[in-house]
Amino acid sequence: MTLETVELRKAFGGVVALDGASVAFQAGKVNALIGPNGSGKTTFFNCVTGMIRPDSGRTTYQGQEITRKPPHAIARAGVGRTFQLCRVFPRMTALDNVLAAVRPGGFPKGLRGARSRSDLDRARGWLTRLGIEHLADAEARAMSWGQQKLLELAGVLMAEPETILLDEPAGGVNPALLDRIGALVRELNAEGRTFVIVEHNMDLVMSISDHVVVFDRGRPIAAGPPSVIRTDERVLGAYLGV
Ligand SMILES: Nc1ncnc2c1ncn2[C@@H]1O[C@H](COP(=O)(O)OP(=O)(O)OP(=O)(O)O)[C@@H](O)[C@H]1O
């Protein structure tokens, strides 16, 4: 196991977003976290990455307690993440966005020479790997939504995380890019990275995942390989609302 939670609970006023969620994701695998709208998936990501504090419960990463650690400490421990609404700096170039991932705050104009050669090479390498190197000098705001999602992922990869949490990587992207994102996840996984993916596109989930966890009302109701999850009656019931 790599990322594990025990009885994670988080309420927003009267709304219980996480209701004692105990989940174990598998190291070296592509894990998916699925569930109907409002079932607590993003709140779960926010809790395990330190963006919000759970009311109770624990999270461990590779056996180490990370429950109350701040986001930067969890990132440093090796967990990277993307966001549903994609976080890039709109007025910075693609290259500067990727570099900013290793130097939070970016580079003031006069200090551009301070970028290290190896960081530059690595940043260009990730842009190339993700197929957006031709946009290196374009401002992020001039890029398409799908390109911005790739750019955000390039920034995450720049920190060399062992585990990557993706929040709706397929959301709003065109079918060609969808295929590329799927292939990329499998490639990066084959190189040793663990993934946890929150995603509504079931074709993508079922084609790239090794292990699927299903949330309903703030807690897991099923977990297993796609072939089993696809026909699980509890899962079908949760999605159909019966
Ligand atoms: N900051 C917040 N304040 C109040 N309620 C919140 C907050 N964040 C989430 N919630 C509520 O908690 C519940 C779980 O939301 P969450 O976004 O975690 O679900 P989700 O499974 O990620 O949904 P979706 O698939 O639609 O993104 C929902 O009822 C939501 O309205």
# chains A, B, ... in the order shown; residues from 1 in each chain; ligands from 1
call {"tool": "closest_atom_pairs", "arguments": {"of": "chain A", "to": "ligand 1", "cutoff": "10 Å", "atoms": "only C-alpha atoms and all ligand atoms", "output": "tab-separated table"}}
result
residue	atom	partner	partner_atom_place_in_ligand_line	distance
A:Lys10	CA	ligand 1	12 (O)	8.5
A:Ala11	CA	ligand 1	12 (O)	7.3
A:Phe12	CA	ligand 1	4 (C)	4.7
A:Gly13	CA	ligand 1	4 (C)	7.0
A:Gly14	CA	ligand 1	5 (N)	8.6
A:Val15	CA	ligand 1	29 (O)	6.0
A:Val16	CA	ligand 1	12 (O)	6.4
A:Ala17	CA	ligand 1	12 (O)	4.0
A:Leu18	CA	ligand 1	14 (C)	7.2
A:Leu33	CA	ligand 1	21 (O)	9.1
A:Ile34	CA	ligand 1	21 (O)	7.7
A:Gly35	CA	ligand 1	21 (O)	6.2
A:Pro36	CA	ligand 1	25 (O)	5.9
A:Asn37	CA	ligand 1	26 (O)	3.6
A:Gly38	CA	ligand 1	19 (O)	3.4
A:Ser39	CA	ligand 1	21 (O)	3.8
A:Gly40	CA	ligand 1	18 (O)	3.2
A:Lys41	CA	ligand 1	21 (O)	3.8
A:Thr42	CA	ligand 1	22 (O)	3.6
A:Thr43	CA	ligand 1	18 (O)	3.7
A:Phe44	CA	ligand 1	18 (O)	6.4
A:Phe45	CA	ligand 1	18 (O)	8.1
A:Asn46	CA	ligand 1	18 (O)	8.3
A:Cys47	CA	ligand 1	18 (O)	9.8
A:Ile52	CA	ligand 1	1 (N)	9.1
A:Gln84	CA	ligand 1	27 (O)	7.7
A:Asp167	CA	ligand 1	27 (O)	8.6
A:Glu168	CA	ligand 1	27 (O)	8.3
A:Val198	CA	ligand 1	22 (O)	8.0
A:Glu199	CA	ligand 1	25 (O)	7.9
A:His200	CA	ligand 1	25 (O)	7.2
A:Phe215	CA	ligand 1	21 (O)	7.6
A:Asp216	CA	ligand 1	21 (O)	8.1
A:Arg217	CA	ligand 1	14 (C)	7.8
A:Gly218	CA	ligand 1	14 (C)	7.0
call {"tool": "write_last_selection", "arguments": {"atoms": "N, CA and C atoms", "output": "mmCIF file, in the first residue's frame"}}
result
data_model
loop_
_atom_site.group_PDB
_atom_site.id
_atom_site.type_symbol
_atom_site.label_atom_id
_atom_site.label_comp_id
_atom_site.auth_asym_id
_atom_site.auth_seq_id
_atom_site.Cartn_x
_atom_site.Cartn_y
_atom_site.Cartn_z
ATOM 1 N N LYS A 10 -14.951 14.483 7.329
ATOM 2 C CA LYS A 10 -14.959 15.943 7.167
ATOM 3 C C LYS A 10 -16.388 16.406 6.905
ATOM 4 N N ALA A 11 -16.832 17.335 7.742
ATOM 5 C CA ALA A 11 -18.170 17.900 7.525
ATOM 6 C C ALA A 11 -18.029 19.393 7.254
ATOM 7 N N PHE A 12 -18.867 19.906 6.361
ATOM 8 C CA PHE A 12 -18.965 21.347 6.128
ATOM 9 C C PHE A 12 -20.320 21.759 6.685
ATOM 10 N N GLY A 13 -20.334 22.349 7.867
ATOM 11 C CA GLY A 13 -21.618 22.619 8.507
ATOM 12 C C GLY A 13 -22.352 21.298 8.679
ATOM 13 N N GLY A 14 -23.561 21.236 8.163
ATOM 14 C CA GLY A 14 -24.339 20.006 8.293
ATOM 15 C C GLY A 14 -24.069 18.982 7.202
ATOM 16 N N VAL A 15 -23.226 19.348 6.224
ATOM 17 C CA VAL A 15 -22.981 18.422 5.105
ATOM 18 C C VAL A 15 -21.776 17.543 5.413
ATOM 19 N N VAL A 16 -22.013 16.256 5.497
ATOM 20 C CA VAL A 16 -20.908 15.334 5.764
ATOM 21 C C VAL A 16 -20.304 14.923 4.426
ATOM 22 N N ALA A 17 -19.134 15.477 4.126
ATOM 23 C CA ALA A 17 -18.493 15.202 2.828
ATOM 24 C C ALA A 17 -17.720 13.884 2.871
ATOM 25 N N LEU A 18 -17.045 13.634 4.000
ATOM 26 C CA LEU A 18 -16.347 12.353 4.189
ATOM 27 C C LEU A 18 -16.870 11.729 5.466
ATOM 28 N N LEU A 33 -10.500 6.686 -8.350
ATOM 29 C CA LEU A 33 -11.504 6.959 -7.322
ATOM 30 C C LEU A 33 -12.714 7.528 -8.044
ATOM 31 N N ILE A 34 -13.800 6.750 -8.050
ATOM 32 C CA ILE A 34 -14.992 7.190 -8.768
ATOM 33 C C ILE A 34 -16.172 7.276 -7.795
ATOM 34 N N GLY A 35 -17.255 7.873 -8.282
ATOM 35 C CA GLY A 35 -18.451 7.998 -7.449
ATOM 36 C C GLY A 35 -19.309 9.125 -7.973
ATOM 37 N N PRO A 36 -20.588 9.128 -7.613
ATOM 38 C CA PRO A 36 -21.499 10.162 -8.109
ATOM 39 C C PRO A 36 -21.072 11.564 -7.677
ATOM 40 N N ASN A 37 -21.616 12.581 -8.296
ATOM 41 C CA ASN A 37 -21.353 13.977 -7.914
ATOM 42 C C ASN A 37 -21.646 14.151 -6.424
ATOM 43 N N GLY A 38 -20.733 14.844 -5.744
ATOM 44 C CA GLY A 38 -20.966 15.138 -4.329
ATOM 45 C C GLY A 38 -20.654 13.989 -3.386
ATOM 46 N N SER A 39 -20.020 12.919 -3.890
ATOM 47 C CA SER A 39 -19.768 11.765 -3.015
ATOM 48 C C SER A 39 -18.500 11.937 -2.166
ATOM 49 N N GLY A 40 -17.766 13.038 -2.376
ATOM 50 C CA GLY A 40 -16.649 13.344 -1.485
ATOM 51 C C GLY A 40 -15.264 13.148 -2.071
ATOM 52 N N LYS A 41 -15.183 12.939 -3.378
ATOM 53 C CA LYS A 41 -13.884 12.622 -3.996
ATOM 54 C C LYS A 41 -12.891 13.784 -3.886
ATOM 55 N N THR A 42 -13.337 14.988 -4.243
ATOM 56 C CA THR A 42 -12.424 16.132 -4.183
ATOM 57 C C THR A 42 -12.081 16.473 -2.739
ATOM 58 N N THR A 43 -13.044 16.348 -1.849
ATOM 59 C CA THR A 43 -12.761 16.585 -0.425
ATOM 60 C C THR A 43 -11.715 15.585 0.065
ATOM 61 N N PHE A 44 -11.803 14.357 -0.410
ATOM 62 C CA PHE A 44 -10.821 13.335 -0.053
ATOM 63 C C PHE A 44 -9.429 13.767 -0.526
ATOM 64 N N PHE A 45 -9.312 14.178 -1.793
ATOM 65 C CA PHE A 45 -8.024 14.669 -2.315
ATOM 66 C C PHE A 45 -7.521 15.834 -1.463
ATOM 67 N N ASN A 46 -8.438 16.768 -1.151
ATOM 68 C CA ASN A 46 -8.029 17.946 -0.381
ATOM 69 C C ASN A 46 -7.538 17.562 1.009
ATOM 70 N N CYS A 47 -8.151 16.569 1.604
ATOM 71 C CA CYS A 47 -7.701 16.126 2.936
ATOM 72 C C CYS A 47 -6.340 15.433 2.857
ATOM 73 N N ILE A 52 -7.157 20.796 3.089
ATOM 74 C CA ILE A 52 -8.087 21.021 4.189
ATOM 75 C C ILE A 52 -7.828 19.966 5.270
ATOM 76 N N GLN A 84 -9.136 20.009 -10.349
ATOM 77 C CA GLN A 84 -10.275 19.938 -11.265
ATOM 78 C C GLN A 84 -10.326 21.182 -12.153
ATOM 79 N N ASP A 167 -7.100 15.150 -10.577
ATOM 80 C CA ASP A 167 -8.518 15.429 -10.352
ATOM 81 C C ASP A 167 -9.186 15.741 -11.689
ATOM 82 N N GLU A 168 -9.930 14.800 -12.203
ATOM 83 C CA GLU A 168 -10.645 14.890 -13.471
ATOM 84 C C GLU A 168 -9.762 15.295 -14.663
ATOM 85 N N VAL A 198 -9.221 10.753 -9.941
ATOM 86 C CA VAL A 198 -10.661 11.008 -9.806
ATOM 87 C C VAL A 198 -11.170 11.342 -11.193
ATOM 88 N N GLU A 199 -12.148 10.593 -11.657
ATOM 89 C CA GLU A 199 -12.573 10.793 -13.046
ATOM 90 C C GLU A 199 -14.003 10.321 -13.256
ATOM 91 N N HIS A 200 -14.764 11.098 -14.044
ATOM 92 C CA HIS A 200 -16.139 10.696 -14.368
ATOM 93 C C HIS A 200 -16.228 9.918 -15.684
ATOM 94 N N PHE A 215 -16.746 5.596 -4.344
ATOM 95 C CA PHE A 215 -17.301 6.348 -3.215
ATOM 96 C C PHE A 215 -18.795 6.526 -3.391
ATOM 97 N N ASP A 216 -19.503 6.509 -2.287
ATOM 98 C CA ASP A 216 -20.892 6.969 -2.259
ATOM 99 C C ASP A 216 -21.111 7.589 -0.889
ATOM 100 N N ARG A 217 -21.635 8.798 -0.891
ATOM 101 C CA ARG A 217 -21.928 9.516 0.358
ATOM 102 C C ARG A 217 -20.763 9.512 1.333
ATOM 103 N N GLY A 218 -19.577 9.850 0.807
ATOM 104 C CA GLY A 218 -18.448 10.098 1.684
ATOM 105 C C GLY A 218 -17.666 8.909 2.189
#
call {"tool": "select_by_dssp", "arguments": {"residues": "range 4-241 of chain A", "states": "helix (DSSP H, G or I)", "output": "ChimeraX atom specification"}}
result
/A:41-48,71-76,94-100,109-114,117-129,133-135,140-142,145-158,175-190,202-208,226-229,233-240
call {"tool": "closest_atom_pairs", "arguments": {"of": "range 153-239 of chain A", "to": "range 78-81 of chain A", "cutoff": "10 Å", "atoms": "only C-alpha atoms", "output": "JSON lines"}}
result
{"residue": "A:Leu153", "atom": "CA", "partner": "A:Arg81", "partner_atom": "CA", "distance": 8.1}
{"residue": "A:Gly155", "atom": "CA", "partner": "A:Gly80", "partner_atom": "CA", "distance": 9.5}
{"residue": "A:Val156", "atom": "CA", "partner": "A:Gly80", "partner_atom": "CA", "distance": 5.8}
{"residue": "A:Leu157", "atom": "CA", "partner": "A:Gly80", "partner_atom": "CA", "distance": 7.7}
{"residue": "A:Met158", "atom": "CA", "partner": "A:Gly80", "partner_atom": "CA", "distance": 9.7}
{"residue": "A:Ala159", "atom": "CA", "partner": "A:Gly80", "partner_atom": "CA", "distance": 7.7}
{"residue": "A:Glu160", "atom": "CA", "partner": "A:Gly78", "partner_atom": "CA", "distance": 7.5}
{"residue": "A:Pro161", "atom": "CA", "partner": "A:Gly78", "partner_atom": "CA", "distance": 4.5}
{"residue": "A:Glu162", "atom": "CA", "partner": "A:Gly78", "partner_atom": "CA", "distance": 5.3}
{"residue": "A:Thr163", "atom": "CA", "partner": "A:Val79", "partner_atom": "CA", "distance": 4.9}
{"residue": "A:Ile164", "atom": "CA", "partner": "A:Gly80", "partner_atom": "CA", "distance": 4.8}
{"residue": "A:Leu165", "atom": "CA", "partner": "A:Arg81", "partner_atom": "CA", "distance": 4.4}
{"residue": "A:Leu166", "atom": "CA", "partner": "A:Arg81", "partner_atom": "CA", "distance": 5.7}
{"residue": "A:Asp167", "atom": "CA", "partner": "A:Arg81", "partner_atom": "CA", "distance": 7.6}
{"residue": "A:Thr194", "atom": "CA", "partner": "A:Val79", "partner_atom": "CA", "distance": 9.4}
{"residue": "A:Phe195", "atom": "CA", "partner": "A:Gly80", "partner_atom": "CA", "distance": 9.6}
{"residue": "A:Val196", "atom": "CA", "partner": "A:Arg81", "partner_atom": "CA", "distance": 9.2}
{"residue": "A:Ile197", "atom": "CA", "partner": "A:Arg81", "partner_atom": "CA", "distance": 9.6}
call {"tool": "select_by_dssp", "arguments": {"residues": "range 61-164 of chain A", "states": "strand (DSSP E)", "output": "list in words"}}
result
Tyr61, Gln64, Glu65, Val79, Gly80, Arg81, Thr163 and Ile164 of chain A
call {"tool": "closest_residue", "arguments": {"among": "A:Ala170, A:Leu3, A:Met206, A:Ile74", "to": "Thr231 in chain A", "atoms": "only C-alpha atoms"}}
result
A:Met206
call {"tool": "residues_around", "arguments": {"residues": "range 221-226 of chain A", "least_positions_apart": "6", "cutoff": "9 Å", "atoms": "only C-alpha atoms", "output": "list in words"}}
result
Val23, Val205, Met206, Ser207, Ser209, Asp210, His211, Val212, Val213, Val214, Phe215, Asp232, Arg234, Val235 and Ala238 of chain A
call {"tool": "write_last_selection", "arguments": {"atoms": "C-alpha atoms", "output": "PDB file, in the first residue's frame"}}
result
ATOM      1  CA  VAL A  23      -9.175   3.592   1.678  1.00  0.00           C
ATOM      2  CA  VAL A 205     -11.217   4.814 -15.931  1.00  0.00           C
ATOM      3  CA  MET A 206     -11.956   1.269 -17.021  1.00  0.00           C
ATOM      4  CA  SER A 207      -9.262   1.262 -19.710  1.00  0.00           C
ATOM      5  CA  SER A 209      -6.928   1.580 -14.073  1.00  0.00           C
ATOM      6  CA  ASP A 210      -5.630  -1.450 -12.221  1.00  0.00           C
ATOM      7  CA  HIS A 211      -7.682  -0.789  -9.098  1.00  0.00           C
ATOM      8  CA  VAL A 212     -10.938   1.154  -8.709  1.00  0.00           C
ATOM      9  CA  VAL A 213     -12.373   2.513  -5.460  1.00  0.00           C
ATOM     10  CA  VAL A 214     -16.015   3.617  -5.529  1.00  0.00           C
ATOM     11  CA  PHE A 215     -17.301   6.348  -3.215  1.00  0.00           C
ATOM     12  CA  ASP A 232     -20.984  -4.567  -9.032  1.00  0.00           C
ATOM     13  CA  ARG A 234     -23.808  -1.549  -5.285  1.00  0.00           C
ATOM     14  CA  VAL A 235     -21.899   0.564  -7.795  1.00  0.00           C
ATOM     15  CA  ALA A 238     -25.063   4.340  -6.402  1.00  0.00           C
TER      16      ALA A 238
END
call {"tool": "closest_residue", "arguments": {"among": "A:Asn189, A:Asn174, A:Gln147, A:Thr2", "to": "Val30 in chain A", "atoms": "only C-alpha atoms"}}
result
A:Asn189
call {"tool": "atom_distance", "arguments": {"atom1": "CA of Arg193 in chain A", "atom2": "CA of Arg141 in chain A"}}
result
29.0 Å
call {"tool": "closest_residue", "arguments": {"among": "A:Phe25, A:Ala77, A:Glu187, A:Arg91", "to": "Gln64 in chain A", "atoms": "only C-alpha atoms"}}
result
A:Ala77
call {"tool": "closest_residue", "arguments": {"among": "A:Asn97, A:Thr5, A:Ser22, A:Asn31", "to": "Arg219 in chain A", "atoms": "only C-alpha atoms"}}
result
A:Ser22
call {"tool": "residues_around", "arguments": {"residues": "Gly131 in chain A", "least_positions_apart": "5", "cutoff": "12 Å", "atoms": "only C-alpha atoms", "output": "list in words"}}
result
Arg124, Gly125, Trp126, Ala136, Gly146, Gln147, Gln148, Lys149, Leu150, Leu151, Leu153, Ala154, Leu177, Arg180, Ile181 and Leu184 of chain A
call {"tool": "atom_distance", "arguments": {"atom1": "CA of Val6 in chain A", "atom2": "CA of Gly28 in chain A"}}
result
20.6 Å
